[in-house]
file upload.cif (mmCIF, C-alpha atoms)
data_run
loop_
_atom_site.label_atom_id
_atom_site.label_comp_id
_atom_site.auth_asym_id
_atom_site.auth_seq_id
_atom_site.Cartn_x
_atom_site.Cartn_y
_atom_site.Cartn_z
CA MET A 270 4.45 -9.22 -15.92
CA PRO A 271 6.70 -7.43 -13.38
CA LEU A 272 3.60 -5.85 -11.83
CA LEU A 273 1.92 -9.23 -11.58
CA GLY A 274 5.09 -10.63 -10.03
CA ASN A 275 5.08 -7.90 -7.41
CA ARG A 276 1.45 -8.56 -6.57
CA LEU A 277 2.09 -12.27 -6.15
CA GLY A 278 5.26 -11.71 -4.15
CA TRP A 279 3.41 -11.93 -0.88
CA LEU A 280 2.25 -15.42 -1.84
CA LYS A 281 5.86 -16.52 -2.20
CA SER A 282 7.21 -14.81 0.89
CA GLY A 283 4.37 -15.13 3.42
CA LEU A 284 4.60 -18.33 5.48
CA PHE A 285 0.98 -17.92 6.59
CA TRP A 286 -0.28 -17.88 3.00
CA ARG A 287 2.03 -20.71 1.97
CA THR A 288 0.65 -22.85 4.80
CA PHE A 289 -2.93 -21.82 4.07
CA PHE A 290 -2.79 -22.56 0.35
CA LEU A 291 -0.99 -25.86 0.94
CA LEU A 292 -3.71 -26.94 3.38
CA ALA A 293 -6.42 -25.61 1.04
CA PHE A 294 -4.97 -27.58 -1.88
CA LEU A 295 -4.73 -30.78 0.16
CA ILE A 296 -8.27 -30.36 1.54
CA THR A 297 -9.75 -29.60 -1.89
CA ALA A 298 -7.94 -32.55 -3.47
CA SER A 299 -9.09 -34.81 -0.63
CA ILE A 300 -12.73 -33.72 -0.96
CA LEU A 301 -12.73 -34.18 -4.74
CA ALA A 302 -11.08 -37.60 -4.42
CA TRP A 303 -13.55 -38.63 -1.73
CA VAL A 304 -16.59 -37.52 -3.75
CA ALA A 305 -15.31 -39.26 -6.89
CA SER A 306 -14.48 -42.45 -5.02
CA PHE A 307 -17.81 -42.47 -3.20
CA ARG A 308 -19.79 -41.98 -6.38
CA ILE A 309 -17.90 -44.78 -8.11
CA VAL A 310 -18.20 -47.20 -5.19
CA GLU A 311 -21.90 -46.51 -4.46
CA ARG A 312 -23.00 -46.39 -8.12
CA THR A 313 -23.81 -50.11 -8.48
CA PRO A 314 -25.59 -50.50 -5.09
CA ARG A 315 -27.62 -47.34 -5.76
CA ALA A 316 -28.58 -48.55 -9.24
CA GLN A 317 -29.65 -51.92 -7.83
CA GLN A 318 -31.69 -50.21 -5.13
CA MET A 319 -33.41 -47.98 -7.70
CA ALA A 320 -34.08 -50.99 -9.92
CA ALA A 321 -35.66 -52.88 -7.00
CA GLN A 322 -37.88 -49.87 -6.32
CA VAL A 323 -39.01 -49.66 -9.95
CA ILE A 324 -39.66 -53.42 -10.10
CA SER A 325 -41.73 -53.28 -6.92
CA ILE A 326 -43.82 -50.34 -8.16
CA VAL A 327 -44.47 -51.93 -11.55
CA THR A 328 -45.29 -55.36 -10.05
CA ILE A 329 -47.64 -53.94 -7.43
CA THR A 330 -49.34 -51.60 -9.92
CA ARG A 331 -49.80 -54.39 -12.46
CA ALA A 332 -51.22 -56.71 -9.83
CA ALA A 333 -53.59 -54.02 -8.55
CA LEU A 334 -54.88 -53.30 -12.03
CA THR A 335 -55.18 -56.99 -12.91
CA HIS A 336 -57.17 -57.99 -9.84
CA SER A 337 -59.31 -54.88 -9.49
CA ALA A 338 -62.92 -54.74 -10.71
CA PRO A 339 -63.25 -52.94 -14.08
CA GLU A 340 -65.60 -50.33 -12.62
CA LEU A 341 -63.01 -49.48 -9.92
CA ARG A 342 -59.97 -49.12 -12.16
CA ARG A 343 -60.60 -45.45 -12.94
CA GLU A 344 -60.73 -44.68 -9.20
CA LEU A 345 -57.60 -46.81 -8.63
CA LEU A 346 -55.66 -44.93 -11.33
CA PHE A 347 -56.75 -41.63 -9.81
CA ASP A 348 -55.52 -42.72 -6.35
CA LEU A 349 -52.18 -43.90 -7.76
CA ALA A 350 -51.65 -40.58 -9.55
CA SER A 351 -52.72 -38.32 -6.68
CA ASN A 352 -51.24 -40.22 -3.74
CA GLU A 353 -48.26 -42.10 -5.14
CA GLY A 354 -47.28 -40.01 -8.17
CA ILE A 355 -47.72 -43.06 -10.41
CA ARG A 356 -49.44 -42.52 -13.73
CA ILE A 357 -50.46 -45.23 -16.21
CA TYR A 358 -50.79 -44.57 -19.95
CA PRO A 359 -51.49 -46.94 -22.83
CA LEU A 360 -48.44 -47.56 -24.97
CA GLU A 361 -49.14 -46.55 -28.55
CA ALA A 362 -47.01 -47.16 -31.61
CA SER A 363 -47.27 -43.46 -32.45
CA ASP A 364 -45.72 -42.34 -29.14
CA ILE A 365 -42.76 -39.97 -29.49
CA VAL A 366 -40.15 -41.43 -27.17
CA ALA A 367 -36.91 -39.84 -25.92
CA PRO A 368 -34.35 -42.38 -24.66
CA PRO A 369 -33.09 -42.21 -21.05
CA PRO A 370 -29.64 -40.75 -20.31
CA ASP A 371 -26.78 -42.97 -21.39
CA ASN A 372 -24.68 -43.39 -18.26
CA GLU A 373 -23.35 -46.26 -16.19
CA LEU A 374 -26.02 -45.82 -13.50
CA MET A 375 -28.85 -46.14 -16.04
CA GLN A 376 -27.20 -49.11 -17.72
CA VAL A 377 -27.04 -51.05 -14.43
CA LEU A 378 -30.64 -50.06 -13.61
CA GLU A 379 -31.99 -51.21 -17.04
CA LEU A 380 -30.09 -54.48 -16.78
CA ASN A 381 -31.64 -55.31 -13.40
CA VAL A 382 -35.17 -54.25 -14.36
CA LYS A 383 -35.13 -56.25 -17.62
CA ALA A 384 -33.89 -59.30 -15.76
CA ARG A 385 -37.12 -59.24 -13.69
CA LEU A 386 -39.73 -57.68 -15.98
CA GLY A 387 -38.54 -59.07 -19.30
CA GLN A 388 -36.08 -58.12 -21.98
CA ASP A 389 -38.73 -56.30 -23.99
CA THR A 390 -39.20 -53.68 -21.24
CA LYS A 391 -38.76 -50.19 -22.61
CA PHE A 392 -37.41 -47.08 -20.87
CA ALA A 393 -37.74 -43.41 -21.72
CA SER A 394 -36.98 -40.02 -20.23
CA ARG A 395 -39.78 -38.28 -22.17
CA VAL A 396 -42.89 -39.58 -23.93
CA ASN A 397 -44.92 -37.21 -26.07
CA ASP A 398 -42.99 -34.30 -24.56
CA VAL A 399 -43.91 -35.32 -21.00
CA ALA A 400 -40.81 -35.66 -18.83
CA GLY A 401 -40.36 -38.32 -16.16
CA PHE A 402 -39.03 -41.82 -15.69
CA TRP A 403 -40.99 -44.04 -18.08
CA VAL A 404 -41.00 -47.83 -17.99
CA SER A 405 -43.23 -50.19 -19.95
CA PHE A 406 -45.10 -53.30 -18.72
CA LYS A 407 -47.72 -55.71 -20.04
CA ILE A 408 -51.08 -56.87 -18.80
CA GLU A 409 -51.91 -59.91 -20.89
CA ASP A 410 -51.54 -58.64 -24.49
CA ASP A 411 -51.92 -54.95 -23.70
CA GLU A 412 -48.84 -52.77 -23.20
CA TYR A 413 -48.73 -49.72 -20.91
CA TRP A 414 -46.43 -46.96 -19.82
CA LEU A 415 -45.80 -46.33 -16.11
CA ARG A 416 -44.49 -42.85 -15.41
CA LEU A 417 -42.71 -41.90 -12.17
CA ASP A 418 -41.42 -38.55 -11.08
CA ARG A 419 -37.64 -38.53 -11.55
CA GLU A 420 -37.15 -37.43 -7.94
CA ARG A 421 -38.43 -40.81 -6.74
CA ILE A 422 -35.69 -42.79 -8.43
CA GLU A 423 -32.84 -40.29 -8.58
CA GLY A 424 -30.26 -40.24 -5.82
CA VAL A 425 -28.21 -37.20 -4.95
CA THR A 426 -28.08 -34.82 -7.89
CA ASN A 427 -24.97 -33.06 -9.14
CA ILE A 428 -26.23 -29.77 -7.70
CA GLN A 429 -26.68 -31.40 -4.30
CA TRP A 430 -23.20 -32.88 -4.52
CA LEU A 431 -21.89 -29.43 -5.40
CA GLY A 432 -23.68 -27.95 -2.41
CA PHE A 433 -22.35 -30.61 -0.05
CA GLY A 434 -18.83 -30.24 -1.43
CA THR A 435 -18.91 -26.43 -1.25
CA THR A 436 -20.11 -26.48 2.36
CA ALA A 437 -17.43 -28.99 3.34
CA LEU A 438 -14.79 -26.97 1.48
CA ILE A 439 -15.76 -23.68 3.17
CA LEU A 440 -15.70 -25.26 6.62
CA SER A 441 -12.37 -26.91 5.82
CA LEU A 442 -10.87 -23.63 4.59
CA LEU A 443 -11.96 -21.89 7.79
CA GLY A 444 -10.20 -24.66 9.66
CA ALA A 445 -7.14 -24.16 7.43
CA VAL A 446 -7.10 -20.45 8.31
CA PHE A 447 -7.23 -21.28 12.01
CA ILE A 448 -4.50 -23.92 11.71
CA SER A 449 -2.27 -21.65 9.61
CA ARG A 450 -2.62 -18.82 12.08
CA LEU A 451 -2.00 -21.15 15.00
CA ILE A 452 1.19 -22.42 13.36
CA ASN A 453 2.51 -19.08 12.16
CA GLN A 454 1.56 -16.80 15.06
CA PRO A 455 4.58 -17.77 17.20
CA LEU A 456 6.89 -17.24 14.22
CA SER A 457 5.28 -13.87 13.52
CA ARG A 458 5.89 -12.83 17.11
CA ILE A 459 9.54 -13.79 16.92
CA ALA A 460 9.90 -11.97 13.57
CA ALA A 461 8.27 -8.81 15.00
CA ALA A 462 10.49 -8.95 18.08
CA THR A 463 13.59 -9.41 15.90
CA GLN A 464 12.63 -6.40 13.77
CA ALA A 465 12.15 -4.34 16.93
CA ILE A 466 15.66 -5.25 18.09
CA ALA A 467 17.04 -4.33 14.67
CA LYS A 468 15.46 -0.88 15.12
CA GLY A 469 17.14 -0.41 18.49
CA LYS A 470 14.08 -1.24 20.62
CA TRP A 471 13.60 -3.85 23.29
CA PRO A 472 10.43 -5.88 22.69
CA GLU A 473 8.13 -7.33 25.31
CA PRO A 474 9.06 -10.88 26.41
CA LEU A 475 7.55 -13.58 24.23
CA PRO A 476 4.98 -15.84 25.92
CA GLU A 477 6.61 -19.05 27.12
CA ARG A 478 3.64 -21.32 26.51
CA GLY A 479 2.33 -23.63 23.83
CA PRO A 480 4.05 -26.65 22.23
CA THR A 481 7.44 -27.67 23.58
CA GLU A 482 9.36 -26.43 20.52
CA ILE A 483 7.69 -22.99 20.55
CA ARG A 484 8.06 -22.69 24.31
CA ASP A 485 11.78 -23.53 24.16
CA ALA A 486 12.35 -21.15 21.24
CA ASN A 487 10.58 -18.26 23.01
CA ARG A 488 12.44 -18.95 26.24
CA SER A 489 15.79 -18.94 24.40
CA PHE A 490 14.86 -15.75 22.55
CA ASN A 491 13.85 -14.00 25.77
CA GLN A 492 17.14 -15.05 27.35
CA MET A 493 19.05 -13.73 24.35
CA VAL A 494 17.25 -10.37 24.54
CA ALA A 495 17.98 -10.14 28.27
CA ASP A 496 21.66 -10.92 27.63
CA LEU A 497 21.87 -8.30 24.87
CA ASP A 498 20.21 -5.73 27.12
CA ARG A 499 22.65 -6.50 29.91
CA VAL A 500 25.64 -6.31 27.55
CA GLU A 501 24.39 -2.99 26.14
CA THR A 502 23.85 -1.60 29.63
CA ASP A 503 27.26 -2.78 30.84
CA ARG A 504 28.96 -1.28 27.79
CA ALA A 505 27.20 2.04 28.26
CA VAL A 506 28.17 2.12 31.94
CA ILE A 507 31.79 1.28 31.14
CA LEU A 508 32.03 3.89 28.39
CA ALA A 509 30.40 6.53 30.53
CA GLY A 510 32.59 5.70 33.51
CA ILE A 511 35.85 5.72 31.57
CA SER A 512 34.93 8.90 29.69
CA HIS A 513 33.91 10.67 32.88
CA ASP A 514 37.06 9.62 34.71
CA LEU A 515 39.25 10.85 31.84
CA ARG A 516 37.73 14.33 31.92
CA THR A 517 39.45 15.21 35.21
CA PRO A 518 43.08 14.46 34.17
CA LEU A 519 42.42 16.14 30.82
CA ALA A 520 41.31 19.31 32.54
CA ARG A 521 44.40 19.18 34.73
CA MET A 522 46.65 18.68 31.71
CA GLN A 523 45.02 21.63 29.93
CA LEU A 524 45.69 23.82 32.96
CA GLU A 525 49.33 22.65 33.17
CA VAL A 526 49.84 23.34 29.46
CA GLU A 527 48.50 26.88 29.93
CA MET A 528 50.79 27.55 32.89
CA ALA A 529 53.89 25.78 31.56
CA GLN A 530 56.70 27.76 29.95
CA LEU A 531 56.47 26.19 26.50
CA PRO A 532 57.14 27.43 22.99
CA ASP A 533 54.02 28.61 21.21
CA ASP A 534 54.16 25.82 18.61
CA ALA A 535 54.44 23.14 21.28
CA ARG A 536 51.63 24.68 23.35
CA LEU A 537 49.30 24.90 20.34
CA GLY A 538 50.07 21.31 19.37
CA MET A 539 49.39 20.00 22.86
CA GLN A 540 46.20 22.04 23.14
CA SER A 541 45.03 20.64 19.79
CA ASP A 542 45.71 17.07 20.95
CA LEU A 543 43.86 17.67 24.23
CA ALA A 544 40.91 19.19 22.34
CA GLN A 545 40.71 16.13 20.09
CA MET A 546 40.82 13.82 23.11
CA ASP A 547 38.06 15.86 24.77
CA ALA A 548 35.93 15.60 21.58
CA ILE A 549 36.42 11.83 21.49
CA ILE A 550 35.37 11.56 25.12
CA GLY A 551 32.32 13.65 24.29
CA GLN A 552 31.42 11.14 21.58
CA PHE A 553 31.80 8.30 24.08
CA LEU A 554 29.44 10.03 26.50
CA GLU A 555 26.89 10.76 23.75
CA PHE A 556 27.00 7.18 22.48
CA ALA A 557 26.64 5.79 26.01
CA ARG A 558 23.73 8.09 26.86
CA PRO A 559 20.52 6.05 27.22
CA SER A 560 17.76 6.62 24.69
CA ASP A 561 15.29 9.30 25.71
CA ASN A 562 11.86 7.96 24.82
CA GLY A 563 9.99 10.80 26.48
CA HIS A 564 7.63 13.19 24.79
CA GLY A 565 9.18 15.45 22.18
CA ALA A 566 8.03 18.78 20.85
CA SER A 567 7.73 20.61 17.57
CA VAL A 568 11.19 21.56 16.28
CA ASP A 569 11.81 24.31 13.73
CA LEU A 570 14.11 22.30 11.47
CA THR A 571 14.62 25.22 9.08
CA SER A 572 16.10 27.46 11.79
CA LEU A 573 18.13 24.62 13.27
CA LEU A 574 19.77 23.81 9.92
CA LYS A 575 20.46 27.46 9.15
CA ASP A 576 22.20 27.85 12.52
CA CYS A 577 24.32 24.75 11.93
CA ALA A 578 25.20 25.88 8.39
CA ARG A 579 26.16 29.31 9.69
CA GLU A 580 28.42 27.83 12.41
CA ALA A 581 30.08 25.49 9.91
CA GLY A 582 30.62 28.39 7.49
CA ARG A 583 32.79 30.15 10.04
CA LEU A 584 35.44 27.41 9.76
CA SER A 585 38.31 28.30 7.49
CA ASP A 586 38.43 24.91 5.73
CA VAL A 587 34.70 24.59 5.02
CA ARG A 588 32.45 26.09 2.38
CA VAL A 589 28.74 25.54 2.92
CA HIS A 590 26.07 25.66 0.21
CA ALA A 591 22.63 25.61 1.80
CA ASP A 592 19.26 25.06 0.13
CA ILE A 593 16.83 24.96 3.05
CA ALA A 594 13.10 25.21 2.51
CA PRO A 595 11.17 27.51 4.85
CA ASP A 596 8.73 26.39 7.55
CA VAL A 597 9.92 22.80 7.87
CA ASN A 598 8.98 21.46 11.29
CA VAL A 599 9.33 18.00 12.80
CA PHE A 600 8.34 16.35 16.05
CA GLY A 601 11.32 15.40 18.18
CA HIS A 602 14.13 16.61 20.43
CA ALA A 603 15.95 19.76 19.30
CA THR A 604 19.20 18.81 21.09
CA ASP A 605 19.34 15.40 19.43
CA LEU A 606 18.54 16.80 16.01
CA LYS A 607 21.24 19.45 16.33
CA ARG A 608 23.72 16.75 17.36
CA LEU A 609 22.66 14.74 14.28
CA VAL A 610 23.29 17.64 11.88
CA SER A 611 26.53 18.66 13.61
CA ASN A 612 27.89 15.11 13.42
CA LEU A 613 27.10 14.87 9.71
CA ILE A 614 28.75 18.22 9.01
CA GLU A 615 31.79 17.28 11.08
CA ASN A 616 32.01 13.90 9.33
CA ALA A 617 31.94 15.66 5.95
CA ARG A 618 34.53 18.21 7.10
CA ARG A 619 36.94 15.51 8.28
CA TYR A 620 36.59 12.95 5.53
CA GLY A 621 35.08 14.77 2.55
CA LYS A 622 37.75 17.24 1.49
CA THR A 623 37.76 17.94 -2.21
CA PRO A 624 40.69 16.07 -3.85
CA ASP A 625 43.80 18.22 -4.31
CA SER A 626 42.30 20.83 -2.01
CA GLY A 627 42.33 21.54 1.69
CA VAL A 628 38.74 22.80 1.61
CA THR A 629 35.55 20.80 2.16
CA GLU A 630 32.57 21.71 0.01
CA ILE A 631 29.42 20.78 1.95
CA ASP A 632 25.94 20.89 0.43
CA ILE A 633 23.03 21.08 2.88
CA SER A 634 19.44 20.78 1.70
CA CYS A 635 16.12 20.35 3.45
CA LYS A 636 12.58 19.99 2.12
CA SER A 637 9.24 18.44 2.94
CA GLU A 638 8.13 15.31 1.09
CA GLY A 639 4.62 14.29 2.07
CA SER A 640 4.60 13.52 5.78
CA GLN A 641 8.41 13.55 6.09
CA ALA A 642 11.13 16.14 6.34
CA VAL A 643 14.15 15.16 4.21
CA ILE A 644 17.65 16.38 5.05
CA GLU A 645 20.55 15.77 2.68
CA ILE A 646 24.15 16.58 3.56
CA SER A 647 26.83 15.75 1.02
CA ASP A 648 30.48 16.50 0.30
CA ASN A 649 32.67 16.43 -2.80
CA GLY A 650 35.31 14.04 -1.50
CA SER A 651 36.36 10.65 -2.79
CA GLY A 652 33.29 8.84 -1.52
CA VAL A 653 33.03 5.39 0.07
CA PRO A 654 33.05 1.94 -1.58
CA ASP A 655 29.48 0.66 -1.89
CA GLN A 656 30.25 -2.53 -0.04
CA GLU A 657 31.42 -0.50 2.98
CA MET A 658 28.30 1.69 3.33
CA GLU A 659 26.57 -0.48 5.91
CA ARG A 660 29.74 -0.91 7.97
CA LEU A 661 30.08 2.86 8.34
CA LEU A 662 27.10 2.92 10.71
CA ARG A 663 28.72 0.48 13.13
CA PRO A 664 30.31 1.92 16.28
CA PHE A 665 34.09 2.51 16.27
CA THR A 666 34.32 2.15 12.48
CA ARG A 667 36.50 4.44 10.35
CA LEU A 668 37.42 3.79 6.73
CA ASP A 669 40.78 5.54 6.61
CA THR A 670 41.80 3.66 3.48
CA ALA A 671 38.87 5.10 1.53
CA ARG A 672 38.82 8.57 3.01
CA SER A 673 41.36 11.03 4.33
CA GLN A 674 43.13 10.25 7.54
CA ALA A 675 41.67 11.99 10.56
CA ASN A 676 41.40 11.57 14.27
CA GLY A 677 38.18 10.30 15.81
CA ALA A 678 36.56 7.38 17.59
CA GLY A 679 34.35 6.26 14.73
CA LEU A 680 31.13 7.05 16.62
CA GLY A 681 29.81 10.00 14.62
CA LEU A 682 27.59 8.11 12.18
CA ALA A 683 26.66 5.50 14.81
CA ILE A 684 25.29 8.33 16.97
CA VAL A 685 23.45 9.74 13.94
CA ASP A 686 21.91 6.34 13.28
CA ARG A 687 20.70 6.10 16.87
CA ILE A 688 19.13 9.55 16.78
CA VAL A 689 17.37 8.79 13.49
CA LYS A 690 15.92 5.56 14.94
CA ARG A 691 14.73 7.43 18.04
CA HIS A 692 12.76 9.73 15.75
CA ARG A 693 11.35 6.82 13.71
CA GLY A 694 13.20 8.02 10.64
CA THR A 695 15.36 6.45 7.96
CA LEU A 696 19.04 6.96 7.14
CA LYS A 697 20.59 6.25 3.75
CA LEU A 698 24.20 6.61 2.59
CA SER A 699 25.11 6.83 -1.08
CA ASN A 700 27.83 8.14 -3.37
CA LYS A 701 27.21 11.16 -5.56
CA ASN A 702 27.66 10.85 -9.30
CA GLY A 703 30.39 13.46 -9.31
CA GLY A 704 32.14 12.06 -6.25
CA GLY A 705 31.52 12.45 -2.56
CA LEU A 706 29.26 10.93 0.08
CA ARG A 707 25.58 11.87 0.36
CA VAL A 708 23.69 11.24 3.61
CA ARG A 709 19.89 11.34 3.38
CA VAL A 710 17.80 11.52 6.55
CA ALA A 711 13.98 11.32 6.46
CA ILE A 712 12.10 12.10 9.69
CA PRO A 713 8.29 11.99 10.12
CA VAL A 714 6.79 15.43 10.62
CA THR A 715 4.53 14.24 13.46
CA GLY A 716 4.16 11.13 15.56
CA ALA A 717 5.46 9.41 18.66
CA LEU A 718 9.16 8.91 19.15
CA GLY A 719 10.72 5.46 19.14
#

call {"tool": "encode", "arguments": {"input": "upload.cif", "output": "structure tokens"}}
result
Amino acid sequence: MPLLGNRLGWLKSGLFWRTFFLLAFLITASILAWVASFRIVERTPRAQQMAAQVISIVTITRAALTHSAPELRRELLFDLASNEGIRIYPLEASDIVAPPPDNELMQVLELNVKARLGQDTKFASRVNDVAGFWVSFKIEDDEYWLRLDRERIEGVTNIQWLGFGTTALILSLLGAVFISRLINQPLSRIAAATQAIAKGKWPEPLPERGPTEIRDANRSFNQMVADLDRVETDRAVILAGISHDLRTPLARMQLEVEMAQLPDDARLGMQSDLAQMDAIIGQFLEFARPSDNGHGASVDLTSLLKDCAREAGRLSDVRVHADIAPDVNVFGHATDLKRLVSNLIENARRYGKTPDSGVTEIDISCKSEGSQAVIEISDNGSGVPDQEMERLLRPFTRLDTARSQANGAGLGLAIVDRIVKRHRGTLKLSNKNGGGLRVRVAIPVTGALG
């Protein structure tokens, strides 16, 4: 049952299919109702028309036989059989007779024929194993059977109705597909453009044509995208400008600290503060840097991770445990990927210290899974509340209440998220069973960059 539910999920979630099946149901119900109504309404007129045809054939045949010369009757019967499909047989008491079908159409037909030819008129669908439409008549005291081919008196058969209905249904369903696509195509475009924005891309402007509602919606969406692009550009320019302007006074302050006659403790403290400020400014510049959508190259991810693990292992408060598979290569930008790994290691070093210890245990692993390279970097700290995982990826977000206090601008994971999206990868944060935060990054081995 769960598997069946998954397979039918697209029926519940897809607006196109909902619209299509709704139209298909309405069309099918309408066709069935129309066919049923038509057959009911036209049953009596059709039966009366068939009865009039039978009465005319019997009357004319009886008159022809009555008034024809005896020597010409054989030739007349031959002409009626060969040209008109009318055959005359003597009615015998020993005839094996099968009654006609018992339906409302036949009842109306028999009632009308008997009203004109007499109440003793007999009907049969088969006489002596010969199928047809059989009706009796009298010439003086002699009684005869007149046999007609059923096609001459039958209207539209059930098979013909089925053929007509199937053709109409197929044409109607093709129209339903066209209508459903026409209705849902603008919504699909907006949904695709929204997903592109969620991935950090700027979609092409939506066409501002069609019905008034769609045209207004697309125009408003295009205006919103333009406003977001302008806000993003202005923010990047402001961050880059402020960060760049702060670099000059920081350099001057570092020089003054070096030249000033200060106690060693004071000098080291000021130098540490200036280094932290310079690192924060570096994060601002990295976050404000526009996305590079140019062509990448093959990157030896194994060597890159080993270099980063080796650099992190030199720090006195970090212990690195690496499990890096050989010959893992991805398509991308080496500088961006190194920044990604460095930010994750730095984030673990700052916020993932083992409880009751001043040391951070960092586990780094890398392996290939199908067409993706998977990097996992985790610590043994106190972890992050599950409800706060998504908020960690937002710019300027730091969860000091959940993790150790540390200085920073809250841009480390936001920069990581941007780099992952540029490489068409996925980023997932989760807590380890034994405590600590695990960051999983999956990057396609080959392919165009985002």

call {"tool": "closest_residue", "arguments": {"input": "upload.cif", "among": "A:Glu477, A:Asp418, A:Asp547, A:Glu379", "to": "Ile355 in chain A", "atoms": "only C-alpha atoms"}}
result
A:Asp418

call {"tool": "atom_distance", "arguments": {"input": "upload.cif", "atom1": "CA of Asp371 in chain A", "atom2": "CA of Ile300 in chain A"}}
result
26.5 Å

call {"tool": "atom_distance", "arguments": {"input": "upload.cif", "atom1": "CA of Ser567 in chain A", "atom2": "CA of Pro713 in chain A"}}
result
11.4 Å

call {"tool": "atom_distance", "arguments": {"input": "upload.cif", "atom1": "CA of Val610 in chain A", "atom2": "CA of Ile646 in chain A"}}
result
8.4 Å

call {"tool": "residues_around", "arguments": {"input": "upload.cif", "residues": "Ala461 in chain A", "least_positions_apart": "5", "cutoff": "9 Å", "atoms": "all atoms listed in the file", "output": "tab-separated table (two decimals) with C-alpha atoms, keeping the file's coordinate frame"}}
result
chain	number	residue	atom	x	y	z
A	456	LEU	CA	6.89	-17.24	14.22
A	466	ILE	CA	15.66	-5.25	18.09
A	472	PRO	CA	10.43	-5.88	22.69

call {"tool": "closest_residue", "arguments": {"input": "upload.cif", "among": "A:Asp632, A:Glu353, A:Glu525, A:Asp496", "to": "Val708 in chain A", "atoms": "all atoms listed in the file"}}
result
A:Asp632

call {"tool": "closest_residue", "arguments": {"input": "upload.cif", "among": "A:Ala393, A:Leu682, A:Leu706, A:Ile324", "to": "Asp655 in chain A", "atoms": "all atoms listed in the file"}}
result
A:Leu706

call {"tool": "closest_residue", "arguments": {"input": "upload.cif", "among": "A:Asp389, A:Glu409, A:Asp398, A:Asp569", "to": "Asp364 in chain A", "atoms": "only C-alpha atoms"}}
result
A:Asp398

call {"tool": "residues_around", "arguments": {"input": "upload.cif", "residues": "Arg536 in chain A", "least_positions_apart": "4", "cutoff": "8 Å", "atoms": "all atoms listed in the file", "output": "JSON, numbers by chain"}}
result
{"A": [526, 527, 531, 532, 540]}

call {"tool": "residues_around", "arguments": {"input": "upload.cif", "residues": "Asn381 in chain A", "least_positions_apart": "5", "cutoff": "12 Å", "atoms": "only C-alpha atoms", "output": "PyMOL selection string"}}
result
chain A and resi 313-324+374-376+386-388+390

call {"tool": "residues_around", "arguments": {"input": "upload.cif", "residues": "range 593-597 of chain A", "least_positions_apart": "4", "cutoff": "9 Å", "atoms": "only C-alpha atoms", "output": "list in words"}}
result
Val568, Asp569, Leu570, Thr571, Ser572, Leu574, Lys575, Ile633, Ser634, Cys635, Lys636, Ser637, Ala642, Ile644 and Val714 of chain A

call {"tool": "resolve_selection", "arguments": {"input": "upload.cif", "expression": "the PyMOL selection byres ((chain A and resi 623) around 9)", "output": "ChimeraX atom specification"}}
result
/A:621-622,624-630,648-651,705

call {"tool": "resolve_selection", "arguments": {"input": "upload.cif", "expression": "the PyMOL selection byres ((chain A and resi 331-340) around 10)", "output": "list in words"}}
result
Ser325, Ile326, Val327, Thr328, Ile329, Thr330, Leu341, Arg342, Arg343, Glu344, Leu345, Leu346, Ile357, Phe406, Lys407, Ile408, Glu409, Tyr413 and Leu415 of chain A

call {"tool": "closest_atom_pairs", "arguments": {"input": "upload.cif", "of": "range 286-320 of chain A", "to": "range 431-436 of chain A", "cutoff": "12 Å", "atoms": "only C-alpha atoms", "output": "JSON lines"}}
result
{"residue": "A:Ile296", "atom": "CA", "partner": "A:Gly434", "partner_atom": "CA", "distance": 11.0}
{"residue": "A:Thr297", "atom": "CA", "partner": "A:Gly434", "partner_atom": "CA", "distance": 9.1}
{"residue": "A:Ala298", "atom": "CA", "partner": "A:Gly434", "partner_atom": "CA", "distance": 11.3}
{"residue": "A:Ser299", "atom": "CA", "partner": "A:Gly434", "partner_atom": "CA", "distance": 10.8}
{"residue": "A:Ile300", "atom": "CA", "partner": "A:Gly434", "partner_atom": "CA", "distance": 7.0}
{"residue": "A:Leu301", "atom": "CA", "partner": "A:Gly434", "partner_atom": "CA", "distance": 8.0}
{"residue": "A:Ala302", "atom": "CA", "partner": "A:Gly434", "partner_atom": "CA", "distance": 11.1}
{"residue": "A:Trp303", "atom": "CA", "partner": "A:Gly434", "partner_atom": "CA", "distance": 9.9}
{"residue": "A:Val304", "atom": "CA", "partner": "A:Gly434", "partner_atom": "CA", "distance": 8.0}
{"residue": "A:Ala305", "atom": "CA", "partner": "A:Gly434", "partner_atom": "CA", "distance": 11.1}

call {"tool": "write_last_selection", "arguments": {"input": "upload.cif", "atoms": "C-alpha atoms", "output": "PDB file, in the frame of the given file"}}
result
ATOM      1  CA  ILE A 296      -8.270 -30.360   1.540  1.00  0.00           C
ATOM      2  CA  THR A 297      -9.750 -29.600  -1.890  1.00  0.00           C
ATOM      3  CA  ALA A 298      -7.940 -32.550  -3.470  1.00  0.00           C
ATOM      4  CA  SER A 299      -9.090 -34.810  -0.630  1.00  0.00           C
ATOM      5  CA  ILE A 300     -12.730 -33.720  -0.960  1.00  0.00           C
ATOM      6  CA  LEU A 301     -12.730 -34.180  -4.740  1.00  0.00           C
ATOM      7  CA  ALA A 302     -11.080 -37.600  -4.420  1.00  0.00           C
ATOM      8  CA  TRP A 303     -13.550 -38.630  -1.730  1.00  0.00           C
ATOM      9  CA  VAL A 304     -16.590 -37.520  -3.750  1.00  0.00           C
ATOM     10  CA  ALA A 305     -15.310 -39.260  -6.890  1.00  0.00           C
TER      11      ALA A 305
END

call {"tool": "resolve_selection", "arguments": {"input": "upload.cif", "expression": "the PyMOL selection byres ((chain A and resi 292) around 10)", "output": "list in words"}}
result
Trp286, Arg287, Thr288, Phe289, Phe290, Leu291, Ala293, Phe294, Leu295, Ile296, Thr297, Ala298, Ser441, Leu442, Gly444, Ala445, Val446, Ile448 and Ser449 of chain A
